[in-house]
Structure formats: C-alpha cells, structure tokens
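Structure data (compact mmCIF, C-alpha atoms) from final03.txt:
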```txt
# COMPACT_ATOMS: atom_id res chain seq x y z
CA MET A 6 -86.46 19.40 22.46
CA ASN A 7 -88.48 22.59 22.90
CA GLN A 8 -89.33 21.32 26.37
CA LEU A 9 -85.63 21.10 27.22
CA TYR A 10 -84.93 24.61 25.96
CA HIS A 11 -87.83 25.86 28.05
CA GLN A 12 -86.63 24.07 31.16
CA LEU A 13 -83.08 25.37 30.72
CA GLY A 14 -84.37 28.89 30.25
CA VAL A 15 -86.51 28.74 33.37
CA SER A 16 -83.62 27.19 35.28
CA LEU A 17 -81.31 30.01 34.24
CA LEU A 18 -83.81 32.73 35.14
CA LEU A 19 -84.55 31.23 38.54
CA GLY A 20 -80.84 30.97 39.23
CA LEU A 21 -80.35 34.61 38.29
CA LEU A 22 -83.27 35.62 40.48
CA VAL A 23 -81.95 33.89 43.60
CA GLY A 24 -78.39 34.92 42.84
CA LEU A 25 -79.45 38.56 42.54
CA GLN A 26 -80.94 38.45 46.02
CA ARG A 27 -77.98 36.62 47.56
CA GLU A 28 -75.48 38.92 45.85
CA ARG A 29 -76.42 41.64 48.30
CA THR A 30 -75.63 39.44 51.31
CA GLU A 31 -72.12 40.22 52.47
CA ARG A 32 -71.40 36.74 53.85
CA SER A 33 -72.87 34.85 50.92
CA VAL A 34 -70.56 32.30 49.29
CA ALA A 35 -72.61 32.22 46.06
CA GLY A 36 -74.03 35.12 44.09
CA ILE A 37 -75.52 36.24 40.84
CA ARG A 38 -73.29 34.04 38.67
CA THR A 39 -72.98 30.95 40.89
CA PHE A 40 -76.68 30.30 41.43
CA PRO A 41 -77.52 30.14 37.71
CA LEU A 42 -74.70 27.65 37.33
CA ILE A 43 -76.11 25.59 40.20
CA THR A 44 -79.61 25.48 38.72
CA LEU A 45 -78.32 24.67 35.26
CA SER A 46 -76.21 21.89 36.76
CA GLY A 47 -79.30 20.42 38.38
CA THR A 48 -81.22 20.52 35.10
CA MET A 49 -78.41 18.87 33.22
CA CYS A 50 -77.95 16.16 35.87
CA ALA A 51 -81.67 15.43 35.82
CA TRP A 52 -81.68 14.97 32.07
CA LEU A 53 -78.57 12.81 32.23
CA GLY A 54 -80.23 10.77 34.97
CA ARG A 55 -82.96 9.78 32.53
CA GLN A 56 -80.30 8.00 30.51
CA PHE A 57 -77.89 6.72 33.17
CA GLY A 58 -79.97 6.54 36.33
CA GLY A 59 -80.99 8.77 39.20
CA TRP A 60 -77.68 8.33 40.99
CA ILE A 61 -76.27 11.11 38.77
CA VAL A 62 -78.66 13.60 40.33
CA ALA A 63 -77.63 12.51 43.81
CA ALA A 64 -73.97 12.72 42.90
CA GLY A 65 -74.45 16.23 41.53
CA LEU A 66 -76.22 17.30 44.71
CA LEU A 67 -73.39 15.94 46.83
CA GLY A 68 -70.90 17.79 44.65
CA VAL A 69 -72.73 21.10 45.08
CA ALA A 70 -73.00 20.53 48.82
CA ALA A 71 -69.29 19.76 49.03
CA LEU A 72 -68.46 23.00 47.21
CA PHE A 73 -70.55 24.98 49.66
CA VAL A 74 -68.82 23.29 52.58
CA VAL A 75 -65.43 24.14 51.13
CA GLY A 76 -66.50 27.73 50.58
CA HIS A 77 -67.74 28.14 54.14
CA LEU A 78 -64.60 26.58 55.60
CA ALA A 79 -62.44 28.92 53.54
CA ARG A 80 -64.36 31.95 54.77
CA ALA A 81 -64.19 30.72 58.35
CA LYS A 82 -60.40 30.90 58.24
CA GLY A 83 -60.65 34.66 57.78
CA SER A 84 -58.35 34.70 54.79
CA ASP A 85 -58.42 37.65 52.43
CA ALA A 86 -58.13 35.35 49.41
CA ASP A 87 -61.05 35.13 46.99
CA TYR A 88 -62.65 31.72 47.45
CA GLY A 89 -65.46 32.21 44.92
CA LEU A 90 -67.24 29.13 43.65
CA THR A 91 -67.79 30.27 40.09
CA THR A 92 -64.88 28.36 38.61
CA GLU A 93 -65.79 25.17 40.48
CA MET A 94 -69.43 25.34 39.43
CA ALA A 95 -68.46 26.11 35.86
CA GLY A 96 -66.27 23.03 35.88
CA VAL A 97 -69.11 20.84 37.19
CA LEU A 98 -71.52 22.24 34.62
CA MET A 99 -69.12 21.89 31.73
CA TYR A 100 -68.62 18.28 32.78
CA GLY A 101 -72.38 17.79 32.48
CA ILE A 102 -72.44 19.52 29.11
CA GLY A 103 -69.66 17.33 27.88
CA ALA A 104 -71.56 14.20 28.93
CA PHE A 105 -74.75 15.56 27.37
CA LEU A 106 -73.06 15.91 24.00
CA VAL A 107 -72.92 12.11 23.88
CA VAL A 108 -76.56 11.41 24.74
CA GLY A 109 -78.36 14.59 23.68
CA SER A 110 -78.55 17.33 21.12
CA MET A 111 -75.37 19.14 20.20
CA SER A 112 -77.26 22.40 19.67
CA VAL A 113 -78.57 22.32 23.24
CA ALA A 114 -75.10 21.70 24.61
CA VAL A 115 -73.69 24.55 22.52
CA VAL A 116 -76.34 26.96 23.76
CA CYS A 117 -75.72 25.98 27.38
CA GLY A 118 -71.96 26.23 26.98
CA GLY A 119 -72.32 29.65 25.39
CA ALA A 120 -74.41 30.79 28.33
CA VAL A 121 -71.68 29.68 30.73
CA ALA A 122 -69.07 31.59 28.74
CA VAL A 123 -71.18 34.74 28.77
CA LEU A 124 -71.75 34.50 32.52
CA LEU A 125 -68.04 34.12 33.15
CA GLN A 126 -67.16 36.99 30.82
CA TRP A 127 -69.75 39.36 32.27
CA LYS A 128 -68.48 39.19 35.84
CA LYS A 129 -67.93 42.94 36.30
CA PRO A 130 -71.10 44.15 34.50
CA LEU A 131 -73.26 41.71 36.46
CA HIS A 132 -71.69 42.73 39.77
CA ARG A 133 -72.14 46.41 38.90
CA PHE A 134 -75.79 45.78 38.09
CA ALA A 135 -76.45 43.95 41.36
CA SER A 136 -74.60 46.49 43.49
CA GLY A 137 -76.38 49.39 41.77
CA LEU A 138 -79.80 48.19 42.87
CA GLU A 139 -81.33 49.62 46.02
CA GLU A 140 -83.54 47.81 48.51
CA ASN A 141 -86.65 49.27 46.87
CA ASP A 142 -85.51 47.94 43.50
CA ILE A 143 -85.02 44.43 44.92
CA ALA A 144 -88.47 44.68 46.51
CA ALA A 145 -89.95 45.68 43.14
CA ILE A 146 -88.40 42.64 41.44
CA MET A 147 -89.63 40.30 44.16
CA GLN A 148 -93.12 41.79 43.95
CA PHE A 149 -93.09 41.12 40.23
CA VAL A 150 -92.22 37.51 41.05
CA LEU A 151 -95.30 37.44 43.32
CA VAL A 152 -97.49 38.84 40.55
CA THR A 153 -96.09 36.44 37.94
CA LEU A 154 -95.00 33.15 39.49
CA VAL A 155 -97.25 32.99 42.57
CA ILE A 156 -100.58 34.55 41.56
CA LEU A 157 -100.78 33.85 37.81
CA PRO A 158 -100.63 30.01 38.00
CA VAL A 159 -103.58 29.82 40.43
CA VAL A 160 -105.89 32.23 38.59
CA PRO A 161 -108.76 30.30 36.92
CA ASN A 162 -108.55 30.10 33.13
CA ARG A 163 -112.24 30.26 32.20
CA VAL A 164 -114.78 32.83 31.09
CA TYR A 165 -117.10 34.48 33.62
CA GLY A 166 -120.01 36.88 33.29
CA PRO A 167 -122.04 38.03 30.29
CA LEU A 168 -120.66 38.69 26.80
CA GLY A 169 -117.90 36.10 27.30
CA VAL A 170 -115.00 38.54 27.62
CA LEU A 171 -113.92 38.28 31.27
CA ASN A 172 -111.32 35.55 31.67
CA PRO A 173 -109.39 36.04 34.97
CA PHE A 174 -106.28 34.27 33.67
CA LYS A 175 -106.09 36.38 30.51
CA ILE A 176 -106.77 39.55 32.49
CA TRP A 177 -103.96 38.81 34.95
CA LEU A 178 -101.69 37.81 32.06
CA MET A 179 -102.14 41.31 30.65
CA VAL A 180 -101.29 42.68 34.10
CA VAL A 181 -98.08 40.63 34.09
CA LEU A 182 -97.21 41.90 30.60
CA ILE A 183 -97.67 45.61 31.29
CA VAL A 184 -96.14 45.42 34.79
CA GLY A 185 -93.12 43.63 33.29
CA ILE A 186 -92.62 46.35 30.67
CA SER A 187 -93.05 49.12 33.22
CA LEU A 188 -90.78 47.39 35.73
CA SER A 189 -87.96 47.10 33.19
CA GLY A 190 -88.16 50.84 32.60
CA TYR A 191 -88.45 51.56 36.33
CA VAL A 192 -85.37 49.56 37.32
CA THR A 193 -83.34 50.81 34.35
CA TYR A 194 -84.23 54.41 35.12
CA LYS A 195 -83.37 53.97 38.80
CA LEU A 196 -79.96 52.61 37.76
CA PHE A 197 -79.07 55.09 35.02
CA GLY A 198 -81.57 57.94 35.20
CA ALA A 199 -79.53 60.10 37.56
CA ARG A 200 -76.58 59.95 35.15
CA ALA A 201 -78.63 60.09 31.96
CA GLY A 202 -78.57 62.91 29.47
CA VAL A 203 -81.72 64.50 28.11
CA LEU A 204 -82.25 61.92 25.35
CA LEU A 205 -81.72 58.84 27.49
CA GLY A 206 -83.74 60.36 30.30
CA GLY A 207 -86.74 60.78 28.01
CA VAL A 208 -86.47 57.25 26.69
CA LEU A 209 -86.13 55.66 30.12
CA GLY A 210 -88.88 57.85 31.53
CA GLY A 211 -91.22 56.72 28.77
CA LEU A 212 -90.46 53.08 29.50
CA ALA A 213 -91.51 53.57 33.11
CA SER A 214 -94.52 55.86 32.47
CA SER A 215 -94.93 58.73 30.03
CA THR A 216 -97.68 60.26 32.17
CA ALA A 217 -95.56 60.16 35.34
CA THR A 218 -92.66 61.66 33.38
CA THR A 219 -94.92 64.48 32.18
CA VAL A 220 -96.04 65.24 35.73
CA SER A 221 -92.49 65.22 37.05
CA TYR A 222 -91.03 67.55 34.44
CA ALA A 223 -94.01 69.88 34.47
CA ARG A 224 -93.34 70.43 38.17
CA LEU A 225 -89.62 70.83 37.46
CA SER A 226 -90.32 73.61 34.95
CA ARG A 227 -92.29 75.53 37.56
CA GLU A 228 -89.66 74.99 40.25
CA THR A 229 -86.96 76.37 37.94
CA ARG A 230 -89.24 79.23 36.78
CA GLY A 231 -89.15 78.10 33.18
CA GLU A 232 -85.38 77.78 32.85
CA SER A 233 -85.73 74.06 32.17
CA ALA A 234 -88.76 74.41 29.87
CA GLY A 235 -86.88 73.38 26.72
CA MET A 236 -85.35 70.34 28.37
CA ALA A 237 -88.65 69.35 29.98
CA ALA A 238 -90.50 69.62 26.65
CA LEU A 239 -87.95 67.38 24.96
CA VAL A 240 -88.11 64.75 27.70
CA ILE A 241 -91.92 64.74 27.64
CA LEU A 242 -92.00 64.37 23.85
CA LEU A 243 -89.48 61.54 23.90
CA ALA A 244 -91.39 59.77 26.66
CA SER A 245 -94.55 60.08 24.58
CA ALA A 246 -92.73 58.57 21.60
CA VAL A 247 -91.61 55.66 23.74
CA MET A 248 -95.25 55.20 24.77
CA TYR A 249 -95.89 53.98 21.23
CA GLY A 250 -92.88 51.70 21.50
CA ARG A 251 -94.37 50.15 24.65
CA LEU A 252 -97.64 49.58 22.82
CA LEU A 253 -95.89 47.95 19.87
CA VAL A 254 -94.12 45.50 22.18
CA ALA A 255 -97.38 44.66 23.97
CA LEU A 256 -99.27 44.16 20.71
CA ALA A 257 -96.53 41.91 19.35
CA VAL A 258 -97.03 39.67 22.38
CA VAL A 259 -100.83 39.73 22.57
CA VAL A 260 -101.85 39.66 18.89
CA PRO A 261 -98.88 38.51 16.79
CA GLY A 262 -101.19 37.39 13.98
CA HIS A 263 -102.59 40.91 13.52
CA PHE A 264 -99.47 42.81 14.54
CA LEU A 265 -98.60 44.22 11.11
CA VAL A 266 -102.08 45.68 10.66
CA LEU A 267 -102.11 47.23 14.13
CA ALA A 268 -98.48 48.36 14.19
CA GLY A 269 -98.29 50.41 11.00
CA PRO A 270 -100.13 53.58 12.13
CA LEU A 271 -98.66 53.40 15.63
CA ALA A 272 -95.13 53.16 14.23
CA VAL A 273 -95.84 56.24 12.09
CA MET A 274 -97.04 58.10 15.18
CA MET A 275 -93.89 57.11 17.02
CA ALA A 276 -91.81 58.51 14.16
CA VAL A 277 -93.84 61.74 14.18
CA CYS A 278 -93.19 62.16 17.91
CA VAL A 279 -89.47 61.63 17.38
CA LEU A 280 -89.40 64.21 14.56
CA VAL A 281 -91.32 66.75 16.62
CA ALA A 282 -88.99 66.09 19.56
CA GLY A 283 -86.04 66.70 17.24
CA GLY A 284 -87.36 70.20 16.66
CA SER A 285 -87.11 70.82 20.41
CA TYR A 286 -83.57 69.57 20.75
CA ARG A 287 -81.87 72.94 20.26
CA GLN A 288 -83.97 74.51 22.98
CA ALA A 289 -83.13 71.78 25.47
CA THR A 290 -80.35 72.18 27.97
CA THR A 291 -77.51 69.71 27.84
CA GLY A 292 -75.93 67.65 30.57
CA LYS A 293 -77.50 65.67 33.37
CA ILE A 294 -81.15 65.78 34.31
CA PRO A 295 -82.74 65.18 37.72
CA MET A 296 -84.39 61.87 38.44
CA ALA A 297 -88.11 61.79 37.78
CA LYS A 298 -90.24 60.26 40.51
CA HIS A 299 -91.85 56.95 39.54
CA THR A 300 -93.79 54.61 41.78
CA ASN A 301 -93.06 50.90 41.85
CA PRO A 302 -95.24 49.39 39.07
CA ALA A 303 -94.96 45.89 40.57
CA GLU A 304 -96.72 46.71 43.84
CA LEU A 305 -99.65 44.36 44.37
CA LYS A 306 -102.04 47.27 44.88
CA SER A 307 -100.99 48.86 41.57
CA ALA A 308 -101.31 45.51 39.79
CA LEU A 309 -104.80 44.93 41.21
CA VAL A 310 -105.89 48.43 40.20
CA PHE A 311 -104.62 47.92 36.66
CA GLY A 312 -106.28 44.49 36.48
CA ALA A 313 -109.62 45.95 37.59
CA LEU A 314 -109.28 48.83 35.14
CA PHE A 315 -108.38 46.44 32.31
CA ALA A 316 -111.39 44.22 33.06
CA ALA A 317 -113.75 47.21 33.32
CA ILE A 318 -112.60 48.63 30.00
CA LEU A 319 -112.71 45.20 28.36
CA PHE A 320 -116.33 44.81 29.48
CA ALA A 321 -117.21 48.40 28.54
CA VAL A 322 -115.84 47.92 25.02
CA ALA A 323 -117.84 44.71 24.62
CA VAL A 324 -121.04 46.40 25.86
CA ALA A 325 -120.47 49.42 23.60
CA LYS A 326 -119.89 47.15 20.61
CA GLN A 327 -123.11 45.23 21.23
CA HIS A 328 -125.43 48.15 22.01
CA LEU A 329 -123.88 51.28 20.49
CA GLY A 330 -121.83 50.08 17.54
CA GLN A 331 -118.58 51.68 16.44
CA ARG A 332 -119.48 55.12 17.82
CA GLY A 333 -119.73 53.63 21.28
CA LEU A 334 -116.32 52.00 20.88
CA TYR A 335 -114.74 55.30 19.91
CA ALA A 336 -116.30 57.00 22.94
CA VAL A 337 -114.97 54.34 25.32
CA ALA A 338 -111.49 54.55 23.74
CA ALA A 339 -111.39 58.35 24.00
CA VAL A 340 -112.48 58.43 27.65
CA SER A 341 -110.30 55.49 28.73
CA GLY A 342 -107.21 56.81 26.98
CA LEU A 343 -107.24 60.07 28.92
CA THR A 344 -105.48 58.58 31.93
CA ASP A 345 -104.33 55.08 30.89
CA VAL A 346 -103.42 54.06 27.36
CA ASP A 347 -102.21 50.58 28.31
CA ALA A 348 -105.54 49.29 29.61
CA ILE A 349 -107.65 50.31 26.61
CA SER A 350 -104.94 49.22 24.17
CA LEU A 351 -104.57 45.76 25.70
CA SER A 352 -108.36 45.42 26.02
CA THR A 353 -108.75 46.22 22.34
CA ALA A 354 -105.91 43.86 21.43
CA GLN A 355 -107.58 41.08 23.41
CA LEU A 356 -110.86 41.62 21.55
CA VAL A 357 -108.97 41.61 18.24
CA SER A 358 -107.31 38.36 19.25
CA ASP A 359 -110.73 36.86 20.08
CA ARG A 360 -112.07 38.18 16.72
CA GLN A 361 -114.72 40.28 18.41
CA VAL A 362 -113.21 43.45 16.93
CA SER A 363 -111.48 43.74 13.56
CA ALA A 364 -107.82 44.69 13.40
CA LEU A 365 -108.68 47.72 11.23
CA LEU A 366 -111.04 49.03 13.89
CA GLY A 367 -108.63 48.00 16.64
CA TRP A 368 -105.75 50.23 15.59
CA ARG A 369 -108.11 53.18 15.23
CA LEU A 370 -109.37 52.71 18.78
CA ILE A 371 -105.83 52.45 20.13
CA LEU A 372 -104.68 55.50 18.17
CA LEU A 373 -107.67 57.53 19.38
CA ALA A 374 -106.86 56.55 22.96
CA THR A 375 -103.27 57.80 22.57
CA LEU A 376 -104.51 61.10 21.14
CA ALA A 377 -106.81 61.49 24.14
CA ASN A 378 -103.80 60.83 26.35
CA PHE A 379 -101.94 63.71 24.67
CA VAL A 380 -104.87 65.97 25.57
CA PHE A 381 -104.71 64.81 29.18
CA LYS A 382 -100.94 65.36 29.41
CA ALA A 383 -101.30 68.82 27.91
CA GLY A 384 -103.81 69.57 30.68
CA VAL A 385 -101.34 68.25 33.25
CA VAL A 386 -98.68 70.63 31.95
CA ALA A 387 -101.18 73.53 31.99
CA VAL A 388 -101.99 72.88 35.66
CA LEU A 389 -98.58 71.90 37.02
CA GLY A 390 -96.08 73.42 34.60
CA GLU A 391 -94.67 76.82 33.80
CA ARG A 392 -96.26 78.89 31.02
CA ARG A 393 -93.31 78.60 28.63
CA LEU A 394 -93.39 74.82 28.87
CA TRP A 395 -97.15 74.78 28.28
CA ARG A 396 -96.79 76.86 25.11
CA GLN A 397 -94.15 74.47 23.76
CA ILE A 398 -96.13 71.37 24.68
CA VAL A 399 -99.41 72.64 23.22
CA THR A 400 -97.71 73.48 19.93
CA ARG A 401 -95.89 70.17 19.63
CA PHE A 402 -98.70 68.00 20.95
CA GLY A 403 -100.96 69.84 18.51
CA LEU A 404 -98.75 68.79 15.60
CA VAL A 405 -98.75 65.18 16.82
CA THR A 406 -102.53 65.21 17.28
CA LEU A 407 -103.07 66.58 13.78
CA ALA A 408 -100.87 63.81 12.39
CA GLY A 409 -102.94 61.24 14.32
CA LEU A 410 -106.22 62.65 13.03
CA ALA A 411 -104.83 62.58 9.49
CA LEU A 412 -103.96 58.90 9.94
CA LEU A 413 -107.47 58.17 11.20
CA TRP A 414 -108.86 59.84 8.09
CA LEU A 415 -106.40 58.80 5.38
CA TRP A 416 -104.78 55.51 6.42
CA PRO A 417 -106.19 52.70 4.24
```
Mind turning this structure into structure tokens?
Amino acid sequence: MNQLYHQLGVSLLLGLLVGLQRERTERSVAGIRTFPLITLSGTMCAWLGRQFGGWIVAAGLLGVAALFVVGHLARAKGSDADYGLTTEMAGVLMYGIGAFLVVGSMSVAVVCGGAVAVLLQWKKPLHRFASGLEENDIAAIMQFVLVTLVILPVVPNRVYGPLGVLNPFKIWLMVVLIVGISLSGYVTYKLFGARAGVLLGGVLGGLASSTATTVSYARLSRETRGESAGMAALVILLASAVMYGRLLVALAVVVPGHFLVLAGPLAVMMAVCVLVAGGSYRQATTGKIPMAKHTNPAELKSALVFGALFAAILFAVAVAKQHLGQRGLYAVAAVSGLTDVDAISLSTAQLVSDRQVSALLGWRLILLATLANFVFKAGVVAVLGERRLWRQIVTRFGLVTLAGLALLWLWP
C-alpha cells in the first residue's frame, strides 16, 4: 500500500509540474488543476486495470482524449464562455475513486478524494500563484527538475576514492536537498518579497540565503546613508535566525536518528537570534521593504559548484579526522563556515550518519561553522554597509557569538 501512496504522490506532483507550465500558455485548454487530475486518473485506471483488465486504461485514455477534443472545438468557436475541463476531469477521477473503493483500500480512496476537493476549492489561490510567477521563476523550477529528476537517477551510487566518503549519489542528493530548500525561499520571496513587511522580508530572505540578504541590505544602508540601518539590521538578524531553521530541516532529512542530539543547541541559537532581533525591532522602519537580489539557486552551474564544495569539505573533514584529530575538524569547520554553512553542515551530518563522527562532535562542528559565518557577515557589513549598520550588527552578532561560545563550553 505504501507503493500506491508513493505512486499517487508522484503522479500528483508531476501533474502539478506540467500544469504549472501550461497554465502560462494563453491557448491552453488544461492548466494547473486539470493536469494533476489527468495524471491521477491515469494512476487510478492503471490500478483498476490490474483487477479488471487493461481495457480500463485504454478507455480512460480515450475519455481524456475526447475531453481535449471537446475543449479544442469549444475554443475554436470563439465563444466567450468558460469551457474549462476541471469539472469533467474531476468527474472521471471521482468515478475511478468510486470503483476503487470496491477493490482497494478505503483510506487510499479517501485521501485521493480529499486531494480532488482541495484542488477544486483552491482554484483562485492556485491561479494567483501561477500568474504571479515570472519567466525566470519558471526557469528556476524547471532547472530544479533537471537537477532532481534527470541527473540524480543516473548518478552512480557507490564509493570512490580513499577514506570511503565520496559517494556521487549521496553528494548529489545533498545538492538536491539544499537547492530545494533554497529554491522554495527564492520563489516565495520573488512572489511576496516586494510586498513583505520587515519581519516577513527577513524570514523569506533567510530561506533564500542569509549571506545574500546580508550583502543586499548592507548595500541598501549605504545607498540610503544610514536611514535604513535599523531596518537592515533587523532583516539581517532574522535571516540569520532562519539560517538555523534551514539547518534543522536539512538535519531532520539527513540524520533523523541523531536529530535530537544535533538539533538542541542549534534550536537554542535560533531562539537567541530571534531574541536579539526583537531588540532591534523598535529601531526598524515599518512598511514595505525593497526586494533583495538573489540568484537562482537551481542553476546547474550553482548546483555543480555546491556539489564540488560539499565533496571537498566532506573529504577535508575525513582527512582532518584521520590525521589531525578533533582540532583538525574544528579548523576545517571554522574555515568552511566563513562563506558556506550548508556545505560543512551537510558534510558533517553525512559523516554522523555514516558513524564516522559522533553526534556530540557533529553539532559542535556545525555550531562553530555558523559562528564563523557570523564573523564573515559582519565583515561584509563593514565593507559594504554604512557605519551605523555596522555598529548595530557588530553588537548584536557579538551577543549571538557569545551565546554560541557558551553553548560550546557548557552544553552537556
């Protein structure tokens, strides 16, 4: 039954993917809601065909083709009436669900029927989402599909090189994970960032990239001659807090068995960042904030660079562990974390998962890398930002760094 749930989930996601692309085609007769219904209908017919024969699949295909023909003929008449296919496809699918209740699991049919109801109810939000995306956003999503569904399945799943830590499949899987998290923040920020307030802007900016957000708002403070220093400091602090949220999500996926050990100190650091950001709230301006500039995280070049960086750090950590002991690991974490927290954090998590590094040492390496990243971002603000912003950032980053050092020293 888990196989059926998995197939239905993949079917739904593929339908949404194709429907999202076709939604932006003016003459399309099927869009972001119809294509998921089509794919789900195919899945249901295939499963029913196992019980009643393959003719059901053929009949379903003919039915879908007939609906498309009717839709095209209706559009050819030039009528202003809405000849959408959603209702027709929902009827075909609900017919399949009804038949499946007799031969299959009721829980599966209920889940599928609930999904249909949600799709029908969410017509306006889904259309607003699709229409709000720009061509660059669609390109980013399709590039993520390339990274995930095209490249990942053909990457060899075996260990290469010395020390037994370089597995191309696992390395690219980490690329998919971090690109997926960054892409969700990128698309969300492109959709809502221009209308976001200070708080939401910081959160969405952190989802995309806390370092890029720091660079953007440091430049903004200089362009406005310090008038936006309070707002910029708040956004940078919130983005840094969300950095820990990103790490917690990644660790939950990569090392679920050790998540509680790794997550505790990082969750405390996230709370500290939020509290320090709260102290900056009164100094922040209210209202809308300008859109920060973020590059597309799903570009193949960016993915390859991150994959190479992840592999290099993974190998460096293994070499340091073998030849230099824990001091070497701390040095690698501190240097790597200056510019990229994700790579060293996922590398450490992978070693924890393979039991080459203990979870207790793992969280310390990840925390040290994040503290090094705060030092780097403070330097970015010093170089690119206005003096008032730098004073605020140094003070608040200093408090966060002291809290992190205290955790390294006192956490059991």
task = Just give me the gap between CA of Val192 (chain A) and CA of Ile146 (chain A) in Å, one decimal is fine.
result =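 Interatomic distance, CA of Val192 (chain A) to CA of Ile146 (chain A): 8.6 Å.
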message = Could you check the closest approach to Ile61 (chain A) for each of A:Leu413, A:Met49, A:Cys117, A:Val388 and tell me which residue wins, using all atoms listed in the file?
response =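 Closest to Ile61 (chain A) of all the choices is A:Met49.
Atom pair CA of Thr219 (chain A) / CA of Ile398 (chain A): separated by 10.3 Å.
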Shell around Cys278 (chain A) at 9 Å using all atoms listed in the file, local window under 5 positions removed, as an NGL selection string = :A and (242-243 or 245-247 or 273 or 283 or 401-402 or 404-405)
inquiry  = Using all atoms listed in the file, can you tell me which of A:Lys175, A:Lys382, A:Arg332, A:Arg392 comes closest to Arg369 (chain A)?
reply    = A:Arg332
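If you measure from each of A:Val75, A:Val181, A:Val254, A:Asn378 to Ile156 (chain A) using all atoms listed in the file, the closest one turns out to be A:Val181.
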query = Excluding same-chain residues fewer than 4 positions from Ile183 (chain A), what lies within 8 Å of it counting all atoms listed in the file, as a ChimeraX atom specification?
reply = /A:179,187,255,347
task = Enter the distance from CA of Met275 (chain A) to CA of Gln331 (chain A), in Å, rounded to one decimal.
result = 25.3 Å
ask   = Hey, what's within 12 Å of region 171-173 of chain A if we count only C-alpha atoms and toss same-chain stuff fewer than 5 positions away? As a PyMOL selection string, please?
value = chain A and resi 156-166+178-180+309+312-313+315-323+352+355-356+359
